[in-house]
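Colleague: Structure provided below as structure tokens; questions to follow.
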Amino acid sequence: EIIKPGNYTLQQNLVVTSPQCFEVNAKNVAINCAYHSITLSTSNPQEAAFEFNKENNVSISNCTLTNFPYAIAASNLSGARIYNINSSDARIAIMLYNVSDANVHNTIINGASNTSIYMNGVSNSVVYDNNITGTDTNIGILIANSTYNIIASNKGIKNKIGIYFAGDSLNNNVSNNTMQISSTSDYACSAKDSAINAEKGGINFGSTKQNCNWL
């Protein structure tokens, strides 16, 4: 548990049996794994390698996270920074819930069984330059009830759905993403998110879509 603001650096690789490694209970915290790995050696359906709730201005960087139900979970806060993360075999690799002013970039996500990047109630945030290799059951990037975000230059392959817009997700800037070889659709939108002016769509690449008339 981290209870004081400051900069923290991981000194070695870790193999753990508890799925909750670092619970951040302080604002203004920067955690740098220094390219070390953290691996969960047991099976557990809950908890996250890094979890922070209601703590603003937290950054997680340079980590390799394997076999966690949730690699990183951030909720009810502003100012999350998540970058240079390599996540394998999570259920949900990166979860943002009720978050604003977040930045998720330069992550590599492999084999998430449910969702690689999950956004619900997210606003004024940037998700860009992430590389996602999925499964035939997962969604690459799920954007639910989220507005005024930039979703750009992400690459996804072999997901069930590459990018999915659900709920009331309007006025997002969506550009230069490449989703391909998805088992169901590269891009999919709920009815509310399908209007021609629903999103500020630039050029995006893929071969299949469901609804998403703005693409």
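FYI, nothing fancy with the structure tokens labels: chains A, B, ... in order, residues from 1 per chain, ligands from 1 as they appear.
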Which polymer residues have any atom within 7 Å of an atom of Val99 (chain A), counting only C-alpha atoms, with same-chain residues fewer than 2 positions away left out, as an mmCIF file with all heavy atoms, in the first residue's frame?
Modeller:
```cif
data_model
loop_
_atom_site.group_PDB
_atom_site.id
_atom_site.type_symbol
_atom_site.label_atom_id
_atom_site.label_comp_id
_atom_site.auth_asym_id
_atom_site.auth_seq_id
_atom_site.Cartn_x
_atom_site.Cartn_y
_atom_site.Cartn_z
ATOM 1 N N SER A 75 -10.102 4.567 -10.930
ATOM 2 C CA SER A 75 -11.512 4.939 -10.853
ATOM 3 C C SER A 75 -11.703 6.211 -10.035
ATOM 4 O O SER A 75 -10.950 6.489 -9.097
ATOM 5 C CB SER A 75 -12.341 3.805 -10.237
ATOM 6 O OG SER A 75 -11.844 3.454 -8.962
ATOM 7 N N ASN A 76 -12.697 6.998 -10.445
ATOM 8 C CA ASN A 76 -13.162 8.167 -9.678
ATOM 9 C C ASN A 76 -12.040 9.151 -9.395
ATOM 10 O O ASN A 76 -11.803 9.560 -8.265
ATOM 11 C CB ASN A 76 -13.796 7.697 -8.359
ATOM 12 C CG ASN A 76 -14.909 6.711 -8.574
ATOM 13 O OD1 ASN A 76 -15.851 6.977 -9.317
ATOM 14 N ND2 ASN A 76 -14.807 5.558 -7.932
ATOM 15 N N LEU A 77 -11.362 9.566 -10.461
ATOM 16 C CA LEU A 77 -10.208 10.445 -10.267
ATOM 17 C C LEU A 77 -9.899 11.228 -11.528
ATOM 18 O O LEU A 77 -10.504 11.026 -12.584
ATOM 19 C CB LEU A 77 -8.980 9.619 -9.848
ATOM 20 C CG LEU A 77 -8.562 8.466 -10.756
ATOM 21 C CD1 LEU A 77 -7.641 8.917 -11.863
ATOM 22 C CD2 LEU A 77 -7.899 7.371 -9.943
ATOM 23 N N SER A 78 -8.923 12.105 -11.404
ATOM 24 C CA SER A 78 -8.438 12.897 -12.526
ATOM 25 C C SER A 78 -6.917 12.795 -12.580
ATOM 26 O O SER A 78 -6.242 12.760 -11.556
ATOM 27 C CB SER A 78 -8.854 14.370 -12.349
ATOM 28 O OG SER A 78 -8.309 15.177 -13.365
ATOM 29 N N LEU A 96 -10.417 2.101 -16.882
ATOM 30 C CA LEU A 96 -10.651 3.473 -16.456
ATOM 31 C C LEU A 96 -12.145 3.631 -16.222
ATOM 32 O O LEU A 96 -12.944 3.436 -17.142
ATOM 33 C CB LEU A 96 -10.189 4.465 -17.522
ATOM 34 C CG LEU A 96 -8.740 4.365 -18.003
ATOM 35 C CD1 LEU A 96 -8.497 5.376 -19.126
ATOM 36 C CD2 LEU A 96 -7.764 4.596 -16.858
ATOM 37 N N TYR A 97 -12.531 3.985 -15.007
ATOM 38 C CA TYR A 97 -13.937 4.142 -14.662
ATOM 39 C C TYR A 97 -14.144 5.494 -13.985
ATOM 40 O O TYR A 97 -13.517 5.783 -12.951
ATOM 41 C CB TYR A 97 -14.401 3.012 -13.739
ATOM 42 C CG TYR A 97 -15.853 3.127 -13.327
ATOM 43 C CD1 TYR A 97 -16.860 2.720 -14.199
ATOM 44 C CD2 TYR A 97 -16.217 3.666 -12.105
ATOM 45 C CE1 TYR A 97 -18.195 2.839 -13.850
ATOM 46 C CE2 TYR A 97 -17.544 3.800 -11.743
ATOM 47 C CZ TYR A 97 -18.533 3.382 -12.626
ATOM 48 O OH TYR A 97 -19.849 3.516 -12.272
ATOM 49 N N ASP A 101 -9.117 13.464 -17.698
ATOM 50 C CA ASP A 101 -7.729 13.902 -17.888
ATOM 51 C C ASP A 101 -6.747 12.735 -17.717
ATOM 52 O O ASP A 101 -5.737 12.845 -17.036
ATOM 53 C CB ASP A 101 -7.389 15.032 -16.925
ATOM 54 C CG ASP A 101 -6.022 15.661 -17.213
ATOM 55 O OD1 ASP A 101 -5.605 15.647 -18.382
ATOM 56 O OD2 ASP A 101 -5.366 16.125 -16.253
ATOM 57 N N ALA A 102 -7.057 11.613 -18.342
ATOM 58 C CA ALA A 102 -6.153 10.459 -18.307
ATOM 59 C C ALA A 102 -5.359 10.392 -19.605
ATOM 60 O O ALA A 102 -5.765 10.935 -20.641
ATOM 61 C CB ALA A 102 -6.925 9.168 -18.101
ATOM 62 N N GLY A 121 -17.381 6.100 -18.548
ATOM 63 C CA GLY A 121 -17.491 7.385 -17.862
ATOM 64 C C GLY A 121 -16.198 8.177 -17.912
ATOM 65 O O GLY A 121 -15.863 8.884 -16.963
ATOM 66 N N VAL A 122 -15.502 8.103 -19.025
ATOM 67 C CA VAL A 122 -14.205 8.770 -19.175
ATOM 68 C C VAL A 122 -14.371 10.009 -20.049
ATOM 69 O O VAL A 122 -15.087 9.983 -21.060
ATOM 70 C CB VAL A 122 -13.168 7.808 -19.804
ATOM 71 C CG1 VAL A 122 -11.845 8.517 -20.054
ATOM 72 C CG2 VAL A 122 -12.961 6.604 -18.889
ATOM 73 N N SER A 123 -13.706 11.095 -19.675
ATOM 74 C CA SER A 123 -13.808 12.331 -20.447
ATOM 75 C C SER A 123 -12.461 13.048 -20.513
ATOM 76 O O SER A 123 -11.602 12.878 -19.646
ATOM 77 C CB SER A 123 -14.856 13.268 -19.822
ATOM 78 O OG SER A 123 -14.463 13.656 -18.513
#
```
Colleague: Need to verify the contact set: region 138-141 of chain A, 6 Å, only C-alpha atoms, exclusion of same-chain residues closer than 4 positions in sequence. Can you return it as a VMD selection string?
Modeller: chain A and resid 113 to 117 159 to 163
Colleague: Smallest atom-to-atom distance to Asn103 (chain A): which of A:Ile132, A:Ala90, A:Ala144, A:Ala152, using only C-alpha atoms?
Modeller: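 So, comparing all the options, the nearest one is A:Ala152.
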Colleague: How close does region 144-178 of chain A get to region 201-210 of chain A? List, as JSON lines, each residue of region 144-178 of chain A within 6 Å, its nearest atom pair and the distance in Å to one decimal, counting only C-alpha atoms.
Modeller:
```
{"residue": "A:Asn173", "atom": "CA", "partner": "A:Gly201", "partner_atom": "CA", "distance": 5.8}
{"residue": "A:Val174", "atom": "CA", "partner": "A:Gly201", "partner_atom": "CA", "distance": 4.7}
{"residue": "A:Ser175", "atom": "CA", "partner": "A:Gly202", "partner_atom": "CA", "distance": 4.4}
{"residue": "A:Asn176", "atom": "CA", "partner": "A:Asn204", "partner_atom": "CA", "distance": 4.7}
{"residue": "A:Asn177", "atom": "CA", "partner": "A:Asn204", "partner_atom": "CA", "distance": 4.9}
{"residue": "A:Thr178", "atom": "CA", "partner": "A:Phe205", "partner_atom": "CA", "distance": 4.6}
```
Colleague: Pull the strand (DSSP E or B) assignments for chain A out of DSSP run on the backbone, and list those residues as a compact mmCIF listing (two decimals) with N, CA and C atoms, in the first residue's frame.
Modeller:
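Once written, states.txt looks like this:
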```txt
# COMPACT_ATOMS: atom_id res chain seq x y z
N ILE A 2 0.55 2.20 -0.86
CA ILE A 2 1.28 3.46 -0.93
C ILE A 2 0.39 4.55 -0.35
N GLY A 6 4.84 10.88 -3.88
CA GLY A 6 6.27 10.74 -4.18
C GLY A 6 6.52 9.86 -5.37
N ASN A 7 7.81 9.64 -5.65
CA ASN A 7 8.25 8.80 -6.75
C ASN A 7 8.73 7.46 -6.21
N TYR A 8 8.25 6.38 -6.79
CA TYR A 8 8.59 5.04 -6.34
C TYR A 8 9.12 4.23 -7.53
N THR A 9 10.20 3.48 -7.29
CA THR A 9 10.82 2.70 -8.36
C THR A 9 10.96 1.25 -7.92
N LEU A 14 9.18 -9.39 -9.70
CA LEU A 14 8.40 -9.95 -8.61
C LEU A 14 7.50 -11.08 -9.13
N VAL A 15 7.40 -12.15 -8.36
CA VAL A 15 6.40 -13.17 -8.57
C VAL A 15 5.55 -13.20 -7.31
N VAL A 16 4.25 -12.97 -7.45
CA VAL A 16 3.39 -12.77 -6.27
C VAL A 16 2.24 -13.76 -6.29
N PHE A 22 -0.16 -3.41 -5.54
CA PHE A 22 0.05 -2.03 -5.12
C PHE A 22 -1.30 -1.32 -5.10
N GLU A 23 -1.73 -0.97 -3.90
CA GLU A 23 -2.92 -0.15 -3.75
C GLU A 23 -2.46 1.26 -3.41
N VAL A 24 -2.80 2.20 -4.29
CA VAL A 24 -2.34 3.58 -4.12
C VAL A 24 -3.41 4.36 -3.39
N VAL A 29 1.39 10.52 -7.04
CA VAL A 29 2.28 9.37 -6.92
C VAL A 29 2.73 8.96 -8.32
N ALA A 30 4.03 8.69 -8.46
CA ALA A 30 4.58 8.17 -9.71
C ALA A 30 5.28 6.86 -9.42
N ILE A 31 4.81 5.78 -10.06
CA ILE A 31 5.41 4.46 -9.88
C ILE A 31 6.09 4.07 -11.19
N ASN A 32 7.38 3.81 -11.10
CA ASN A 32 8.18 3.40 -12.25
C ASN A 32 8.70 1.99 -11.99
N CYS A 33 8.25 1.04 -12.78
CA CYS A 33 8.72 -0.34 -12.60
C CYS A 33 10.12 -0.55 -13.15
N ALA A 34 10.65 0.45 -13.83
CA ALA A 34 12.02 0.38 -14.34
C ALA A 34 12.22 -0.87 -15.21
N TYR A 35 11.19 -1.20 -15.97
CA TYR A 35 11.19 -2.33 -16.92
C TYR A 35 11.31 -3.69 -16.22
N HIS A 36 10.97 -3.73 -14.94
CA HIS A 36 10.88 -5.02 -14.25
C HIS A 36 9.48 -5.61 -14.46
N SER A 37 9.37 -6.89 -14.15
CA SER A 37 8.11 -7.60 -14.35
C SER A 37 7.47 -7.96 -13.02
N ILE A 38 6.13 -8.03 -13.04
CA ILE A 38 5.36 -8.53 -11.90
C ILE A 38 4.43 -9.60 -12.44
N THR A 39 4.53 -10.81 -11.88
CA THR A 39 3.76 -11.95 -12.38
C THR A 39 2.94 -12.53 -11.25
N LEU A 40 1.66 -12.75 -11.51
CA LEU A 40 0.79 -13.42 -10.55
C LEU A 40 0.87 -14.92 -10.79
N ALA A 48 -6.34 -6.11 -8.79
CA ALA A 48 -5.46 -5.58 -9.84
C ALA A 48 -4.03 -5.51 -9.35
N ALA A 49 -3.10 -5.53 -10.28
CA ALA A 49 -1.70 -5.32 -9.92
C ALA A 49 -1.52 -3.92 -9.34
N PHE A 50 -2.12 -2.93 -10.00
CA PHE A 50 -2.11 -1.54 -9.51
C PHE A 50 -3.54 -1.05 -9.47
N GLU A 51 -3.96 -0.55 -8.32
CA GLU A 51 -5.31 -0.03 -8.18
C GLU A 51 -5.28 1.30 -7.47
N PHE A 52 -5.97 2.29 -8.03
CA PHE A 52 -6.09 3.57 -7.34
C PHE A 52 -7.47 4.14 -7.59
N ASN A 53 -8.10 4.61 -6.51
CA ASN A 53 -9.47 5.09 -6.51
C ASN A 53 -9.51 6.43 -5.75
N VAL A 58 -1.83 10.19 -10.55
CA VAL A 58 -1.04 8.98 -10.34
C VAL A 58 -0.54 8.49 -11.69
N SER A 59 0.74 8.13 -11.76
CA SER A 59 1.28 7.58 -13.00
C SER A 59 1.90 6.21 -12.73
N ILE A 60 1.70 5.32 -13.70
CA ILE A 60 2.28 3.97 -13.68
C ILE A 60 3.04 3.80 -15.00
N SER A 61 4.30 3.43 -14.93
CA SER A 61 5.08 3.35 -16.17
C SER A 61 6.10 2.22 -16.12
N ASN A 62 6.47 1.77 -17.32
CA ASN A 62 7.61 0.87 -17.54
C ASN A 62 7.45 -0.46 -16.79
N CYS A 63 6.25 -1.04 -16.89
CA CYS A 63 5.95 -2.29 -16.18
C CYS A 63 5.58 -3.41 -17.15
N THR A 64 5.98 -4.63 -16.80
CA THR A 64 5.49 -5.83 -17.47
C THR A 64 4.64 -6.59 -16.47
N LEU A 65 3.36 -6.78 -16.78
CA LEU A 65 2.39 -7.34 -15.84
C LEU A 65 1.75 -8.57 -16.48
N THR A 66 1.83 -9.71 -15.79
CA THR A 66 1.39 -10.97 -16.37
C THR A 66 0.43 -11.70 -15.46
N TYR A 70 -6.90 -7.84 -13.46
CA TYR A 70 -6.81 -6.47 -13.95
C TYR A 70 -5.36 -6.03 -13.78
N ALA A 71 -4.74 -5.60 -14.85
CA ALA A 71 -3.36 -5.14 -14.71
C ALA A 71 -3.33 -3.79 -13.98
N ILE A 72 -4.14 -2.84 -14.48
CA ILE A 72 -4.21 -1.51 -13.86
C ILE A 72 -5.67 -1.08 -13.82
N ALA A 73 -6.13 -0.65 -12.64
CA ALA A 73 -7.51 -0.21 -12.47
C ALA A 73 -7.53 1.17 -11.81
N ALA A 74 -8.09 2.15 -12.52
CA ALA A 74 -8.19 3.52 -12.00
C ALA A 74 -9.64 3.94 -12.01
N SER A 75 -10.10 4.57 -10.93
CA SER A 75 -11.51 4.94 -10.85
C SER A 75 -11.70 6.21 -10.03
N ASN A 76 -12.70 7.00 -10.45
CA ASN A 76 -13.16 8.17 -9.68
C ASN A 76 -12.04 9.15 -9.39
N LEU A 77 -11.36 9.57 -10.46
CA LEU A 77 -10.21 10.44 -10.27
C LEU A 77 -9.90 11.23 -11.53
N SER A 78 -8.92 12.11 -11.40
CA SER A 78 -8.44 12.90 -12.53
C SER A 78 -6.92 12.79 -12.58
N ARG A 81 -1.88 8.68 -15.48
CA ARG A 81 -0.92 8.56 -16.57
C ARG A 81 -0.43 7.11 -16.60
N ILE A 82 -0.68 6.42 -17.70
CA ILE A 82 -0.34 5.01 -17.82
C ILE A 82 0.41 4.83 -19.14
N TYR A 83 1.67 4.47 -19.08
CA TYR A 83 2.44 4.37 -20.32
C TYR A 83 3.60 3.37 -20.17
N ASN A 84 4.02 2.89 -21.33
CA ASN A 84 5.09 1.88 -21.40
C ASN A 84 4.74 0.66 -20.53
N ILE A 85 3.54 0.16 -20.74
CA ILE A 85 3.06 -1.02 -20.01
C ILE A 85 2.96 -2.20 -20.97
N ASN A 86 3.44 -3.35 -20.53
CA ASN A 86 3.29 -4.59 -21.29
C ASN A 86 2.45 -5.54 -20.43
N SER A 87 1.24 -5.84 -20.89
CA SER A 87 0.31 -6.67 -20.12
C SER A 87 -0.02 -7.93 -20.91
N SER A 88 0.04 -9.08 -20.22
CA SER A 88 -0.30 -10.36 -20.86
C SER A 88 -1.29 -11.13 -19.99
N ILE A 92 -9.12 -7.88 -17.87
CA ILE A 92 -9.13 -6.52 -18.39
C ILE A 92 -7.76 -5.92 -18.10
N ALA A 93 -7.06 -5.51 -19.12
CA ALA A 93 -5.69 -5.04 -18.90
C ALA A 93 -5.66 -3.66 -18.25
N ILE A 94 -6.35 -2.69 -18.83
CA ILE A 94 -6.38 -1.33 -18.28
C ILE A 94 -7.83 -0.91 -18.17
N MET A 95 -8.25 -0.58 -16.95
CA MET A 95 -9.63 -0.17 -16.71
C MET A 95 -9.66 1.25 -16.19
N LEU A 96 -10.42 2.10 -16.88
CA LEU A 96 -10.65 3.47 -16.46
C LEU A 96 -12.15 3.63 -16.22
N TYR A 97 -12.53 3.99 -15.01
CA TYR A 97 -13.94 4.14 -14.66
C TYR A 97 -14.14 5.49 -13.98
N ASN A 98 -15.00 6.33 -14.58
CA ASN A 98 -15.29 7.65 -14.03
C ASN A 98 -13.99 8.44 -13.85
N VAL A 99 -13.26 8.58 -14.93
CA VAL A 99 -11.94 9.20 -14.92
C VAL A 99 -11.91 10.35 -15.93
N SER A 100 -11.22 11.43 -15.59
CA SER A 100 -10.99 12.52 -16.53
C SER A 100 -9.50 12.83 -16.61
N ASN A 103 -4.25 9.71 -19.54
CA ASN A 103 -3.41 9.51 -20.72
C ASN A 103 -2.90 8.07 -20.70
N VAL A 104 -3.28 7.30 -21.72
CA VAL A 104 -2.84 5.91 -21.84
C VAL A 104 -2.13 5.78 -23.18
N HIS A 105 -0.83 5.53 -23.16
CA HIS A 105 -0.13 5.43 -24.43
C HIS A 105 1.05 4.47 -24.36
N ILE A 108 1.53 -2.31 -24.68
CA ILE A 108 1.42 -3.53 -25.48
C ILE A 108 0.59 -4.51 -24.68
N ILE A 109 -0.55 -4.91 -25.24
CA ILE A 109 -1.49 -5.77 -24.51
C ILE A 109 -1.74 -7.03 -25.32
N ASN A 110 -1.50 -8.17 -24.69
CA ASN A 110 -1.67 -9.45 -25.36
C ASN A 110 -2.61 -10.35 -24.57
N THR A 115 -11.49 -7.48 -22.11
CA THR A 115 -11.26 -6.19 -22.75
C THR A 115 -9.82 -5.76 -22.52
N SER A 116 -9.19 -5.24 -23.54
CA SER A 116 -7.81 -4.78 -23.37
C SER A 116 -7.76 -3.41 -22.70
N ILE A 117 -8.49 -2.44 -23.25
CA ILE A 117 -8.59 -1.11 -22.63
C ILE A 117 -10.08 -0.80 -22.44
N TYR A 118 -10.50 -0.67 -21.19
CA TYR A 118 -11.90 -0.46 -20.83
C TYR A 118 -12.08 0.96 -20.34
N MET A 119 -12.98 1.71 -20.98
CA MET A 119 -13.25 3.10 -20.61
C MET A 119 -14.75 3.24 -20.37
N ASN A 120 -15.12 3.63 -19.16
CA ASN A 120 -16.53 3.86 -18.85
C ASN A 120 -16.63 5.14 -18.03
N SER A 123 -13.71 11.10 -19.67
CA SER A 123 -13.81 12.33 -20.45
C SER A 123 -12.46 13.05 -20.51
N VAL A 126 -6.85 10.94 -23.33
CA VAL A 126 -6.18 10.56 -24.57
C VAL A 126 -5.73 9.12 -24.46
N VAL A 127 -6.12 8.32 -25.45
CA VAL A 127 -5.68 6.92 -25.56
C VAL A 127 -5.06 6.77 -26.94
N TYR A 128 -3.73 6.64 -26.99
CA TYR A 128 -3.09 6.64 -28.30
C TYR A 128 -1.84 5.76 -28.33
N ASN A 131 -0.78 -0.95 -28.72
CA ASN A 131 -0.78 -2.12 -29.59
C ASN A 131 -1.47 -3.28 -28.88
N ILE A 132 -2.53 -3.80 -29.50
CA ILE A 132 -3.39 -4.78 -28.85
C ILE A 132 -3.49 -6.03 -29.72
N THR A 133 -3.12 -7.17 -29.15
CA THR A 133 -3.37 -8.46 -29.79
C THR A 133 -4.37 -9.20 -28.92
N ILE A 139 -12.79 -7.51 -26.52
CA ILE A 139 -12.88 -6.22 -27.20
C ILE A 139 -11.54 -5.52 -27.03
N GLY A 140 -11.02 -4.97 -28.10
CA GLY A 140 -9.74 -4.27 -28.01
C GLY A 140 -9.85 -3.02 -27.14
N ILE A 141 -10.70 -2.07 -27.56
CA ILE A 141 -10.95 -0.85 -26.78
C ILE A 141 -12.46 -0.69 -26.66
N LEU A 142 -12.95 -0.68 -25.44
CA LEU A 142 -14.37 -0.45 -25.17
C LEU A 142 -14.54 0.97 -24.64
N ILE A 143 -15.38 1.75 -25.31
CA ILE A 143 -15.62 3.14 -24.93
C ILE A 143 -17.10 3.26 -24.60
N ALA A 144 -17.44 3.32 -23.32
CA ALA A 144 -18.82 3.33 -22.88
C ALA A 144 -19.11 4.61 -22.11
N THR A 147 -17.06 10.75 -23.29
CA THR A 147 -17.15 11.86 -24.23
C THR A 147 -15.89 12.71 -24.23
N ILE A 150 -9.74 11.63 -27.03
CA ILE A 150 -8.99 11.39 -28.25
C ILE A 150 -8.57 9.93 -28.26
N ILE A 151 -9.01 9.20 -29.28
CA ILE A 151 -8.66 7.80 -29.47
C ILE A 151 -7.91 7.73 -30.79
N ALA A 152 -6.60 7.61 -30.75
CA ALA A 152 -5.82 7.80 -31.97
C ALA A 152 -4.61 6.89 -32.06
N LYS A 155 -3.45 0.30 -32.58
CA LYS A 155 -3.44 -0.83 -33.50
C LYS A 155 -3.96 -2.07 -32.78
N GLY A 156 -4.89 -2.76 -33.43
CA GLY A 156 -5.44 -3.98 -32.85
C GLY A 156 -5.55 -5.08 -33.87
N ILE A 157 -5.32 -6.29 -33.42
CA ILE A 157 -5.39 -7.44 -34.32
C ILE A 157 -5.96 -8.64 -33.57
N ILE A 161 -14.00 -7.75 -31.33
CA ILE A 161 -14.31 -6.42 -31.85
C ILE A 161 -13.11 -5.54 -31.57
N GLY A 162 -12.68 -4.81 -32.58
CA GLY A 162 -11.50 -3.95 -32.39
C GLY A 162 -11.78 -2.78 -31.46
N ILE A 163 -12.68 -1.89 -31.86
CA ILE A 163 -13.11 -0.75 -31.03
C ILE A 163 -14.62 -0.74 -30.98
N TYR A 164 -15.18 -0.67 -29.78
CA TYR A 164 -16.63 -0.71 -29.60
C TYR A 164 -17.09 0.51 -28.82
N PHE A 165 -18.05 1.26 -29.39
CA PHE A 165 -18.64 2.42 -28.73
C PHE A 165 -20.00 2.01 -28.19
N ALA A 166 -20.20 2.18 -26.88
CA ALA A 166 -21.42 1.73 -26.23
C ALA A 166 -22.02 2.85 -25.38
N ASN A 173 -12.87 12.19 -30.54
CA ASN A 173 -12.05 12.35 -31.73
C ASN A 173 -11.37 11.02 -32.01
N VAL A 174 -11.76 10.35 -33.08
CA VAL A 174 -11.31 9.00 -33.37
C VAL A 174 -10.58 9.01 -34.71
N SER A 175 -9.26 8.80 -34.69
CA SER A 175 -8.52 8.95 -35.94
C SER A 175 -7.27 8.09 -35.98
N THR A 178 -5.96 1.51 -36.48
CA THR A 178 -5.97 0.38 -37.40
C THR A 178 -6.42 -0.87 -36.64
N MET A 179 -7.58 -1.39 -37.01
CA MET A 179 -8.11 -2.61 -36.42
C MET A 179 -8.31 -3.63 -37.53
N GLN A 180 -7.81 -4.83 -37.33
CA GLN A 180 -7.89 -5.80 -38.42
C GLN A 180 -7.96 -7.24 -37.89
N SER A 185 -16.14 -7.82 -35.78
CA SER A 185 -16.10 -6.55 -36.50
C SER A 185 -14.91 -5.73 -36.02
N ASP A 186 -14.31 -5.00 -36.94
CA ASP A 186 -13.20 -4.13 -36.55
C ASP A 186 -13.68 -2.94 -35.73
N TYR A 187 -14.86 -2.40 -36.09
CA TYR A 187 -15.45 -1.28 -35.36
C TYR A 187 -16.94 -1.59 -35.18
N ALA A 188 -17.47 -1.26 -34.00
CA ALA A 188 -18.90 -1.46 -33.75
C ALA A 188 -19.41 -0.33 -32.88
N CYS A 189 -20.66 0.07 -33.12
CA CYS A 189 -21.27 1.16 -32.37
C CYS A 189 -22.69 0.78 -31.97
N LYS A 200 -16.15 12.64 -33.91
CA LYS A 200 -15.31 13.44 -34.81
C LYS A 200 -14.30 12.49 -35.44
N GLY A 201 -14.78 11.70 -36.37
CA GLY A 201 -13.95 10.64 -36.95
C GLY A 201 -13.03 11.16 -38.03
N PHE A 205 -8.61 2.76 -40.15
CA PHE A 205 -8.37 1.66 -41.06
C PHE A 205 -8.94 0.37 -40.51
N LYS A 209 -17.36 -3.05 -40.17
CA LYS A 209 -17.94 -2.21 -39.13
C LYS A 209 -19.40 -2.60 -38.94
N GLN A 210 -19.91 -2.35 -37.73
CA GLN A 210 -21.33 -2.50 -37.42
C GLN A 210 -21.85 -1.15 -36.99
```
